[in-house]
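Asker: File model-v7.cif follows (mmCIF, N, CA and C atoms and all ligand atoms):
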data_work
#
loop_
_atom_site.label_atom_id
_atom_site.label_comp_id
_atom_site.auth_asym_id
_atom_site.auth_seq_id
_atom_site.Cartn_x
_atom_site.Cartn_y
_atom_site.Cartn_z
N MET L 30 -12.97 1.65 8.27
CA MET L 30 -11.76 2.39 7.89
C MET L 30 -11.61 2.40 6.38
N GLU L 31 -10.98 1.37 5.81
CA GLU L 31 -10.81 1.31 4.37
C GLU L 31 -11.85 0.37 3.78
N GLU L 32 -12.46 0.81 2.67
CA GLU L 32 -13.53 0.03 2.08
C GLU L 32 -13.04 -0.89 0.95
N ARG L 33 -11.79 -0.79 0.63
CA ARG L 33 -11.31 -1.59 -0.50
C ARG L 33 -11.34 -3.08 -0.17
N PRO L 34 -11.61 -3.91 -1.18
CA PRO L 34 -11.61 -5.35 -0.92
C PRO L 34 -10.23 -5.83 -0.47
N ILE L 35 -10.21 -6.83 0.37
CA ILE L 35 -8.94 -7.39 0.85
C ILE L 35 -8.39 -8.27 -0.27
N SER L 36 -7.47 -7.71 -1.04
CA SER L 36 -6.93 -8.46 -2.18
C SER L 36 -5.54 -7.97 -2.51
N THR L 37 -4.86 -8.73 -3.34
CA THR L 37 -3.52 -8.35 -3.78
C THR L 37 -3.59 -7.09 -4.63
N ILE L 38 -4.69 -6.95 -5.40
CA ILE L 38 -4.84 -5.75 -6.24
C ILE L 38 -4.91 -4.50 -5.35
N SER L 39 -5.70 -4.58 -4.29
CA SER L 39 -5.78 -3.43 -3.36
C SER L 39 -4.43 -3.17 -2.72
N PHE L 40 -3.73 -4.24 -2.36
CA PHE L 40 -2.40 -4.11 -1.74
C PHE L 40 -1.48 -3.30 -2.65
N HIS L 41 -1.52 -3.61 -3.96
CA HIS L 41 -0.68 -2.88 -4.91
C HIS L 41 -1.14 -1.44 -5.11
N GLN L 42 -2.48 -1.22 -5.03
CA GLN L 42 -2.97 0.16 -5.10
C GLN L 42 -2.43 0.96 -3.92
N PHE L 43 -2.44 0.35 -2.76
CA PHE L 43 -1.91 1.04 -1.58
C PHE L 43 -0.41 1.32 -1.74
N LEU L 44 0.32 0.37 -2.31
CA LEU L 44 1.76 0.60 -2.53
C LEU L 44 1.96 1.82 -3.43
N ASN L 45 1.10 1.96 -4.46
CA ASN L 45 1.17 3.14 -5.33
C ASN L 45 1.04 4.42 -4.52
N GLU L 46 0.25 4.34 -3.45
CA GLU L 46 0.02 5.51 -2.58
C GLU L 46 1.03 5.56 -1.44
N GLU L 47 2.04 4.71 -1.53
CA GLU L 47 3.11 4.64 -0.53
C GLU L 47 2.59 4.25 0.84
N LYS L 48 1.68 3.31 0.82
CA LYS L 48 1.18 2.75 2.08
C LYS L 48 1.42 1.26 2.06
N LEU L 49 1.98 0.77 3.16
CA LEU L 49 2.17 -0.66 3.31
C LEU L 49 1.04 -1.17 4.19
N MET L 50 0.18 -1.99 3.57
CA MET L 50 -1.01 -2.44 4.28
C MET L 50 -1.01 -3.95 4.45
N GLY L 51 -1.69 -4.37 5.49
CA GLY L 51 -1.91 -5.79 5.72
C GLY L 51 -3.36 -5.99 6.07
N SER L 52 -3.75 -7.25 6.18
CA SER L 52 -5.09 -7.53 6.65
C SER L 52 -4.99 -8.12 8.05
N LYS L 53 -5.92 -7.71 8.89
CA LYS L 53 -5.91 -8.15 10.28
C LYS L 53 -7.21 -8.90 10.56
N CYS L 54 -7.06 -10.07 11.15
CA CYS L 54 -8.22 -10.88 11.47
C CYS L 54 -8.97 -10.24 12.64
N LYS L 55 -10.27 -10.02 12.44
CA LYS L 55 -11.06 -9.38 13.50
C LYS L 55 -11.28 -10.32 14.67
N LYS L 56 -11.15 -11.62 14.42
CA LYS L 56 -11.41 -12.58 15.50
C LYS L 56 -10.18 -12.85 16.36
N CYS L 57 -9.05 -13.17 15.70
CA CYS L 57 -7.89 -13.56 16.51
C CYS L 57 -6.74 -12.56 16.42
N GLY L 58 -6.88 -11.54 15.56
CA GLY L 58 -5.89 -10.47 15.53
C GLY L 58 -4.64 -10.76 14.72
N THR L 59 -4.59 -11.91 14.04
CA THR L 59 -3.41 -12.23 13.23
C THR L 59 -3.33 -11.28 12.04
N LEU L 60 -2.10 -10.83 11.77
CA LEU L 60 -1.85 -9.90 10.67
C LEU L 60 -1.25 -10.63 9.48
N PHE L 61 -1.65 -10.22 8.29
CA PHE L 61 -1.09 -10.78 7.07
C PHE L 61 -0.69 -9.66 6.12
N SER L 62 0.49 -9.78 5.56
CA SER L 62 0.90 -8.83 4.52
C SER L 62 1.87 -9.54 3.59
N PRO L 63 1.59 -9.62 2.30
CA PRO L 63 0.39 -9.16 1.61
C PRO L 63 -0.89 -9.72 2.25
N PRO L 64 -1.98 -8.97 2.13
CA PRO L 64 -3.21 -9.34 2.82
C PRO L 64 -3.82 -10.65 2.33
N ARG L 65 -4.51 -11.32 3.22
CA ARG L 65 -5.26 -12.52 2.86
C ARG L 65 -6.71 -12.31 3.26
N PRO L 66 -7.61 -12.77 2.41
CA PRO L 66 -9.04 -12.58 2.73
C PRO L 66 -9.54 -13.54 3.81
N ILE L 67 -8.82 -14.64 4.02
CA ILE L 67 -9.24 -15.62 5.04
C ILE L 67 -8.07 -15.84 5.99
N CYS L 68 -8.37 -15.86 7.28
CA CYS L 68 -7.33 -16.07 8.29
C CYS L 68 -6.84 -17.51 8.26
N PHE L 69 -5.51 -17.66 8.22
CA PHE L 69 -4.91 -19.00 8.21
C PHE L 69 -5.06 -19.69 9.55
N LYS L 70 -5.17 -18.89 10.60
CA LYS L 70 -5.16 -19.45 11.95
C LYS L 70 -6.54 -19.94 12.37
N CYS L 71 -7.55 -19.07 12.20
CA CYS L 71 -8.88 -19.43 12.71
C CYS L 71 -9.91 -19.52 11.59
N PHE L 72 -9.47 -19.33 10.34
CA PHE L 72 -10.33 -19.47 9.15
C PHE L 72 -11.47 -18.46 9.11
N SER L 73 -11.35 -17.39 9.87
CA SER L 73 -12.36 -16.34 9.82
C SER L 73 -12.22 -15.57 8.51
N ARG L 74 -13.35 -15.10 7.99
CA ARG L 74 -13.33 -14.25 6.81
C ARG L 74 -13.51 -12.78 7.20
N GLU L 75 -13.54 -12.52 8.47
CA GLU L 75 -13.73 -11.14 8.93
C GLU L 75 -12.37 -10.47 9.06
N MET L 76 -12.01 -9.78 7.99
CA MET L 76 -10.70 -9.14 7.95
C MET L 76 -10.88 -7.64 7.83
N GLU L 77 -9.93 -6.92 8.38
CA GLU L 77 -9.93 -5.46 8.20
C GLU L 77 -8.53 -5.02 7.81
N TRP L 78 -8.46 -3.85 7.16
CA TRP L 78 -7.15 -3.33 6.77
C TRP L 78 -6.40 -2.79 7.97
N ALA L 79 -5.11 -2.98 7.95
CA ALA L 79 -4.25 -2.41 8.99
C ALA L 79 -3.03 -1.83 8.30
N GLU L 80 -2.71 -0.58 8.60
CA GLU L 80 -1.51 0.01 8.01
C GLU L 80 -0.29 -0.38 8.83
N LEU L 81 0.75 -0.78 8.13
CA LEU L 81 1.98 -1.19 8.81
C LEU L 81 2.97 -0.04 8.76
N LYS L 82 3.83 0.00 9.77
CA LYS L 82 4.75 1.13 9.88
C LYS L 82 5.89 1.05 8.87
N GLY L 83 6.15 -0.15 8.37
CA GLY L 83 7.21 -0.28 7.39
C GLY L 83 8.59 -0.32 8.02
N LYS L 84 8.63 -0.66 9.30
CA LYS L 84 9.93 -0.79 9.98
C LYS L 84 10.12 -2.26 10.36
N GLY L 85 11.35 -2.72 10.17
CA GLY L 85 11.59 -4.12 10.51
C GLY L 85 13.05 -4.44 10.47
N LYS L 86 13.34 -5.73 10.44
CA LYS L 86 14.75 -6.12 10.34
C LYS L 86 14.89 -7.27 9.35
N LEU L 87 16.10 -7.36 8.83
CA LEU L 87 16.38 -8.37 7.81
C LEU L 87 16.46 -9.76 8.45
N LEU L 88 15.66 -10.66 7.91
CA LEU L 88 15.60 -12.01 8.47
C LEU L 88 16.46 -12.97 7.65
N THR L 89 16.36 -12.84 6.35
CA THR L 89 17.15 -13.67 5.45
C THR L 89 17.20 -12.98 4.09
N PHE L 90 18.18 -13.31 3.28
CA PHE L 90 18.26 -12.66 1.97
C PHE L 90 19.04 -13.53 0.99
N THR L 91 18.89 -13.24 -0.28
CA THR L 91 19.71 -13.85 -1.32
C THR L 91 20.07 -12.76 -2.31
N CYS L 92 21.22 -12.91 -2.92
CA CYS L 92 21.63 -11.97 -3.95
C CYS L 92 21.38 -12.67 -5.28
N ILE L 93 20.66 -11.99 -6.14
CA ILE L 93 20.18 -12.62 -7.37
C ILE L 93 20.96 -12.08 -8.58
N TYR L 94 21.56 -13.03 -9.29
CA TYR L 94 22.38 -12.68 -10.46
C TYR L 94 21.61 -12.78 -11.75
N VAL L 95 20.64 -13.69 -11.79
CA VAL L 95 19.82 -13.85 -12.99
C VAL L 95 18.37 -13.62 -12.58
N GLY L 96 17.90 -12.41 -12.82
CA GLY L 96 16.57 -12.03 -12.35
C GLY L 96 15.51 -12.19 -13.41
N PRO L 97 14.28 -11.89 -13.03
CA PRO L 97 13.17 -11.91 -14.00
C PRO L 97 13.32 -10.76 -14.99
N PRO L 98 12.60 -10.81 -16.12
CA PRO L 98 12.78 -9.80 -17.19
C PRO L 98 12.68 -8.36 -16.72
N TRP L 99 11.74 -8.07 -15.77
CA TRP L 99 11.60 -6.66 -15.36
C TRP L 99 12.81 -6.18 -14.57
N MET L 100 13.52 -7.10 -13.91
CA MET L 100 14.73 -6.69 -13.20
C MET L 100 15.88 -6.50 -14.20
N ILE L 101 15.94 -7.38 -15.20
CA ILE L 101 16.96 -7.23 -16.24
C ILE L 101 16.76 -5.89 -16.94
N ALA L 102 15.47 -5.52 -17.16
CA ALA L 102 15.16 -4.24 -17.80
C ALA L 102 15.64 -3.06 -16.96
N GLU L 103 15.74 -3.26 -15.65
CA GLU L 103 16.24 -2.19 -14.77
C GLU L 103 17.76 -2.15 -14.73
N GLY L 104 18.39 -3.09 -15.43
CA GLY L 104 19.84 -3.06 -15.51
C GLY L 104 20.55 -4.05 -14.59
N TYR L 105 19.78 -4.97 -14.01
CA TYR L 105 20.42 -5.97 -13.15
C TYR L 105 20.81 -7.18 -13.98
N ASP L 106 22.04 -7.65 -13.79
CA ASP L 106 22.50 -8.84 -14.49
C ASP L 106 23.60 -9.49 -13.66
N ARG L 107 24.35 -10.40 -14.29
CA ARG L 107 25.38 -11.14 -13.56
C ARG L 107 26.41 -10.22 -12.92
N LYS L 108 26.66 -9.08 -13.57
CA LYS L 108 27.65 -8.15 -13.02
C LYS L 108 27.03 -7.19 -12.02
N HIS L 109 25.71 -7.06 -12.09
CA HIS L 109 25.00 -6.13 -11.21
C HIS L 109 23.86 -6.86 -10.51
N PRO L 110 24.19 -7.70 -9.54
CA PRO L 110 23.13 -8.45 -8.86
C PRO L 110 22.31 -7.53 -7.95
N TYR L 111 21.17 -8.03 -7.55
CA TYR L 111 20.37 -7.30 -6.58
C TYR L 111 20.02 -8.24 -5.44
N CYS L 112 19.52 -7.66 -4.39
CA CYS L 112 19.27 -8.43 -3.19
C CYS L 112 17.77 -8.52 -2.93
N SER L 113 17.34 -9.73 -2.62
CA SER L 113 15.95 -9.96 -2.29
C SER L 113 15.93 -10.63 -0.92
N GLY L 114 14.98 -10.26 -0.10
CA GLY L 114 15.02 -10.82 1.25
C GLY L 114 13.66 -10.94 1.90
N VAL L 115 13.70 -11.44 3.12
CA VAL L 115 12.50 -11.50 3.94
C VAL L 115 12.73 -10.56 5.11
N VAL L 116 11.76 -9.68 5.32
CA VAL L 116 11.87 -8.69 6.38
C VAL L 116 10.83 -9.01 7.44
N GLU L 117 11.27 -9.04 8.68
CA GLU L 117 10.32 -9.20 9.77
C GLU L 117 9.94 -7.83 10.27
N LEU L 118 8.68 -7.48 10.09
CA LEU L 118 8.21 -6.16 10.48
C LEU L 118 7.99 -6.09 11.98
N GLU L 119 7.97 -4.85 12.49
CA GLU L 119 7.75 -4.64 13.93
C GLU L 119 6.44 -5.27 14.39
N GLU L 120 5.48 -5.31 13.48
CA GLU L 120 4.17 -5.89 13.81
C GLU L 120 4.20 -7.41 13.84
N GLY L 121 5.36 -8.00 13.50
CA GLY L 121 5.48 -9.45 13.57
C GLY L 121 5.24 -10.16 12.26
N VAL L 122 4.92 -9.41 11.21
CA VAL L 122 4.64 -10.00 9.90
C VAL L 122 5.95 -10.16 9.13
N ARG L 123 6.05 -11.24 8.40
CA ARG L 123 7.22 -11.45 7.54
C ARG L 123 6.82 -11.20 6.11
N ILE L 124 7.61 -10.39 5.42
CA ILE L 124 7.24 -10.00 4.06
C ILE L 124 8.46 -10.09 3.14
N ASP L 125 8.21 -10.56 1.92
CA ASP L 125 9.27 -10.63 0.91
C ASP L 125 9.40 -9.27 0.25
N ALA L 126 10.62 -8.85 0.01
CA ALA L 126 10.80 -7.56 -0.65
C ALA L 126 12.21 -7.46 -1.20
N ARG L 127 12.37 -6.48 -2.07
CA ARG L 127 13.73 -6.16 -2.52
C ARG L 127 14.44 -5.42 -1.40
N ILE L 128 15.74 -5.66 -1.29
CA ILE L 128 16.54 -4.95 -0.30
C ILE L 128 17.45 -4.01 -1.07
N GLU L 129 17.25 -2.72 -0.83
CA GLU L 129 18.03 -1.69 -1.52
C GLU L 129 19.10 -1.15 -0.56
N GLY L 130 20.05 -0.47 -1.14
CA GLY L 130 21.04 0.22 -0.30
C GLY L 130 22.05 -0.71 0.34
N VAL L 131 22.15 -1.93 -0.17
CA VAL L 131 23.18 -2.86 0.30
C VAL L 131 24.00 -3.27 -0.91
N ASP L 132 25.20 -3.76 -0.67
CA ASP L 132 26.07 -4.16 -1.76
C ASP L 132 25.85 -5.64 -2.08
N ALA L 133 25.04 -5.88 -3.12
CA ALA L 133 24.69 -7.26 -3.46
C ALA L 133 25.88 -8.03 -4.03
N THR L 134 26.95 -7.32 -4.43
CA THR L 134 28.14 -8.02 -4.92
C THR L 134 28.99 -8.50 -3.75
N ASN L 135 28.63 -8.07 -2.55
CA ASN L 135 29.41 -8.42 -1.37
C ASN L 135 28.48 -8.91 -0.25
N PRO L 136 27.85 -10.07 -0.47
CA PRO L 136 26.82 -10.55 0.48
C PRO L 136 27.34 -10.75 1.90
N GLU L 137 28.65 -11.00 2.04
CA GLU L 137 29.20 -11.22 3.37
C GLU L 137 29.04 -9.97 4.25
N ALA L 138 28.95 -8.81 3.59
CA ALA L 138 28.85 -7.56 4.34
C ALA L 138 27.42 -7.25 4.75
N ILE L 139 26.45 -8.02 4.22
CA ILE L 139 25.05 -7.78 4.56
C ILE L 139 24.72 -8.58 5.81
N LYS L 140 24.24 -7.90 6.82
CA LYS L 140 24.04 -8.54 8.12
C LYS L 140 22.57 -8.84 8.39
N ILE L 141 22.34 -10.09 8.80
CA ILE L 141 21.01 -10.48 9.27
C ILE L 141 20.70 -9.64 10.51
N GLY L 142 19.47 -9.16 10.58
CA GLY L 142 19.09 -8.35 11.74
C GLY L 142 19.24 -6.85 11.52
N THR L 143 19.78 -6.47 10.34
CA THR L 143 19.92 -5.04 10.02
C THR L 143 18.55 -4.35 10.09
N PRO L 144 18.43 -3.24 10.82
CA PRO L 144 17.16 -2.51 10.85
C PRO L 144 16.88 -1.90 9.47
N LEU L 145 15.64 -2.05 9.03
CA LEU L 145 15.28 -1.60 7.69
C LEU L 145 14.01 -0.76 7.74
N THR L 146 13.87 0.04 6.71
CA THR L 146 12.66 0.84 6.58
C THR L 146 12.13 0.70 5.15
N ALA L 147 10.82 0.72 5.01
CA ALA L 147 10.20 0.49 3.70
C ALA L 147 10.46 1.65 2.75
N GLU L 148 10.56 1.29 1.48
CA GLU L 148 10.76 2.27 0.42
C GLU L 148 9.85 1.85 -0.73
N PHE L 149 9.27 2.81 -1.41
CA PHE L 149 8.35 2.48 -2.49
C PHE L 149 8.99 2.87 -3.81
N LEU L 150 9.25 1.88 -4.65
CA LEU L 150 9.92 2.13 -5.93
C LEU L 150 8.89 2.21 -7.03
N HIS L 151 8.77 3.38 -7.61
CA HIS L 151 7.82 3.56 -8.71
C HIS L 151 8.55 3.33 -10.02
N ARG L 152 8.11 2.33 -10.76
CA ARG L 152 8.78 1.98 -12.00
C ARG L 152 7.79 1.97 -13.16
N GLY L 153 8.34 2.12 -14.35
CA GLY L 153 7.50 2.06 -15.55
C GLY L 153 7.23 3.44 -16.10
N GLU L 154 6.38 3.46 -17.14
CA GLU L 154 6.09 4.72 -17.80
C GLU L 154 4.75 5.27 -17.34
N GLU L 155 4.54 6.52 -17.67
CA GLU L 155 3.29 7.20 -17.35
C GLU L 155 2.10 6.34 -17.76
N GLY L 156 1.17 6.16 -16.87
CA GLY L 156 -0.02 5.37 -17.18
C GLY L 156 0.18 3.87 -16.96
N ARG L 157 1.43 3.45 -16.91
CA ARG L 157 1.70 2.02 -16.68
C ARG L 157 2.66 1.84 -15.51
N MET L 158 2.51 2.69 -14.54
CA MET L 158 3.40 2.65 -13.39
C MET L 158 3.07 1.47 -12.49
N LYS L 159 4.13 0.93 -11.93
CA LYS L 159 3.95 -0.14 -10.97
C LYS L 159 4.86 0.19 -9.79
N THR L 160 4.37 -0.06 -8.61
CA THR L 160 5.18 0.23 -7.44
C THR L 160 5.66 -1.05 -6.79
N PHE L 161 6.94 -1.11 -6.54
CA PHE L 161 7.54 -2.28 -5.90
C PHE L 161 7.91 -1.92 -4.46
N LEU L 162 7.67 -2.88 -3.61
CA LEU L 162 8.06 -2.69 -2.22
C LEU L 162 9.53 -3.06 -2.05
N ALA L 163 10.25 -2.19 -1.42
CA ALA L 163 11.66 -2.48 -1.11
C ALA L 163 11.93 -2.03 0.32
N PHE L 164 13.03 -2.48 0.86
CA PHE L 164 13.45 -2.02 2.18
C PHE L 164 14.89 -1.59 2.07
N LYS L 165 15.26 -0.58 2.85
CA LYS L 165 16.65 -0.14 2.87
C LYS L 165 17.09 0.05 4.32
N PRO L 166 18.40 -0.02 4.55
CA PRO L 166 18.87 0.17 5.93
C PRO L 166 18.48 1.54 6.46
N LEU L 167 18.16 1.60 7.74
CA LEU L 167 17.75 2.86 8.38
C LEU L 167 18.90 3.85 8.41
ZN ZN Q 1 -8.02 -15.32 12.79
#
In C-alpha cells, write the structure found in this file.

Answerer:
Amino acid sequence: MEERPISTISFHQFLNEEKLMGSKCKKCGTLFSPPRPICFKCFSREMEWAELKGKGKLLTFTCIYVGPPWMIAEGYDRKHPYCSGVVELEEGVRIDARIEGVDATNPEAIKIGTPLTAEFLHRGEEGRMKTFLAFKPL
C-alpha cells in the first residue's frame, strides 16, 4: 500500500495531506498512532500503514493557559486558553491532539465522551507549513 517508512516524519507528511495514519502490526493486528516501527505487544517489526477514519470520542482533556511558544504565537495566553486532550478513535487507538470548537475558558461545559472528528490545522508560512492534528465536535 504505502511505501513510506513507518516514522513520525511520515506521519506528519500524511497530516499535511490531511490523512490520519497509524501503523498496524502484521502479526497481531495492534494499531498505533502516531505510528511505531516496532509492535509494543509482540515486538514484531512487520508493520504496515493503516488509514484511520478520524472519528472518535473525547477521553480526557486539559485547558492550557500557558502554552508552548508556537501556541503563544497563535494568540493563546492566560486570557485565551486552548484545550488539549486524548481522543479514543473508533479503531481503538488513543491519540493526543488539540481539541477545537470547545470553550476552553469554560471546562465544565466540555463533556467527556463527546463525539469528535479530526481536523487538520495548517499553520506557518509558505514553504514552512506545519500541520497540526486537532479534533472538533461532530
Ligand atoms: Zn504485534

Asker: Within 8 Å of ligand ZN 1 (chain Q), counting only N, CA and C atoms and all ligand atoms, which protein or nucleic acid residues do you find, written as an NGL selection string?

Answerer: :L and (53-60 or 67-75)

Asker: Grab the atom C of Lys165 (chain L) to atom N of Glu148 (chain L) distance for me, in Å with one decimal place.

Answerer: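 These atoms are spaced 7.2 Å apart.
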
Asker: Determine the nearest neighbour of Lys86 (chain L) from the options L:Leu145, L:Phe61, L:Ala163, L:Trp99, counting only C-alpha atoms.

Answerer: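 Checking each of L:Leu145, L:Phe61, L:Ala163, L:Trp99 against Lys86 (chain L), counting only C-alpha atoms, the winner is L:Leu145.
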
Asker: Just to confirm, what's the straight-line distance from atom N of Phe149 (chain L) to atom C of Phe161 (chain L) in Å (one decimal)?

Answerer: 5.8 Å

Asker: From a DSSP calculation on the backbone, collect every residue of region 38-109 of chain L in strand (DSSP E) and output the set as a PyMOL selection string.

Answerer: chain L and resi 50-54+60-61+76-80+84-93

Asker: Please, can region 104-120 of chain L be completed to N, CA, C and O atoms and returned as a compact mmCIF listing (two decimals), in the frame of the given file?

Answerer:
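And here is the file that came out, out36.txt:
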# COMPACT_ATOMS: atom_id res chain seq x y z
N GLY L 104 18.39 -3.09 -15.43
CA GLY L 104 19.84 -3.06 -15.51
C GLY L 104 20.55 -4.05 -14.59
O GLY L 104 21.76 -3.97 -14.42
N TYR L 105 19.78 -4.97 -14.01
CA TYR L 105 20.42 -5.97 -13.15
C TYR L 105 20.81 -7.18 -13.98
O TYR L 105 20.03 -7.67 -14.79
N ASP L 106 22.04 -7.65 -13.79
CA ASP L 106 22.50 -8.84 -14.49
C ASP L 106 23.60 -9.49 -13.66
O ASP L 106 23.78 -9.17 -12.49
N ARG L 107 24.35 -10.40 -14.29
CA ARG L 107 25.38 -11.14 -13.56
C ARG L 107 26.41 -10.22 -12.92
O ARG L 107 26.98 -10.53 -11.88
N LYS L 108 26.66 -9.08 -13.57
CA LYS L 108 27.65 -8.15 -13.02
C LYS L 108 27.03 -7.19 -12.02
O LYS L 108 27.73 -6.54 -11.26
N HIS L 109 25.71 -7.06 -12.09
CA HIS L 109 25.00 -6.13 -11.21
C HIS L 109 23.86 -6.86 -10.51
O HIS L 109 22.70 -6.70 -10.89
N PRO L 110 24.19 -7.70 -9.54
CA PRO L 110 23.13 -8.45 -8.86
C PRO L 110 22.31 -7.53 -7.95
O PRO L 110 22.72 -6.40 -7.66
N TYR L 111 21.17 -8.03 -7.55
CA TYR L 111 20.37 -7.30 -6.58
C TYR L 111 20.02 -8.24 -5.44
O TYR L 111 20.24 -9.45 -5.53
N CYS L 112 19.52 -7.66 -4.39
CA CYS L 112 19.27 -8.43 -3.19
C CYS L 112 17.77 -8.52 -2.93
O CYS L 112 17.05 -7.53 -3.07
N SER L 113 17.34 -9.73 -2.62
CA SER L 113 15.95 -9.96 -2.29
C SER L 113 15.93 -10.63 -0.92
O SER L 113 16.79 -11.46 -0.63
N GLY L 114 14.98 -10.26 -0.10
CA GLY L 114 15.02 -10.82 1.25
C GLY L 114 13.66 -10.94 1.90
O GLY L 114 12.63 -10.60 1.31
N VAL L 115 13.70 -11.44 3.12
CA VAL L 115 12.50 -11.50 3.94
C VAL L 115 12.73 -10.56 5.11
O VAL L 115 13.78 -10.60 5.76
N VAL L 116 11.76 -9.68 5.32
CA VAL L 116 11.87 -8.69 6.38
C VAL L 116 10.83 -9.01 7.44
O VAL L 116 9.67 -9.26 7.13
N GLU L 117 11.27 -9.04 8.68
CA GLU L 117 10.32 -9.20 9.77
C GLU L 117 9.94 -7.83 10.27
O GLU L 117 10.76 -7.09 10.81
N LEU L 118 8.68 -7.48 10.09
CA LEU L 118 8.21 -6.16 10.48
C LEU L 118 7.99 -6.09 11.98
O LEU L 118 7.80 -7.11 12.65
N GLU L 119 7.97 -4.85 12.49
CA GLU L 119 7.75 -4.64 13.93
C GLU L 119 6.44 -5.27 14.39
O GLU L 119 6.32 -5.71 15.53
N GLU L 120 5.48 -5.31 13.48
CA GLU L 120 4.17 -5.89 13.81
C GLU L 120 4.20 -7.41 13.84
O GLU L 120 3.19 -8.05 14.12
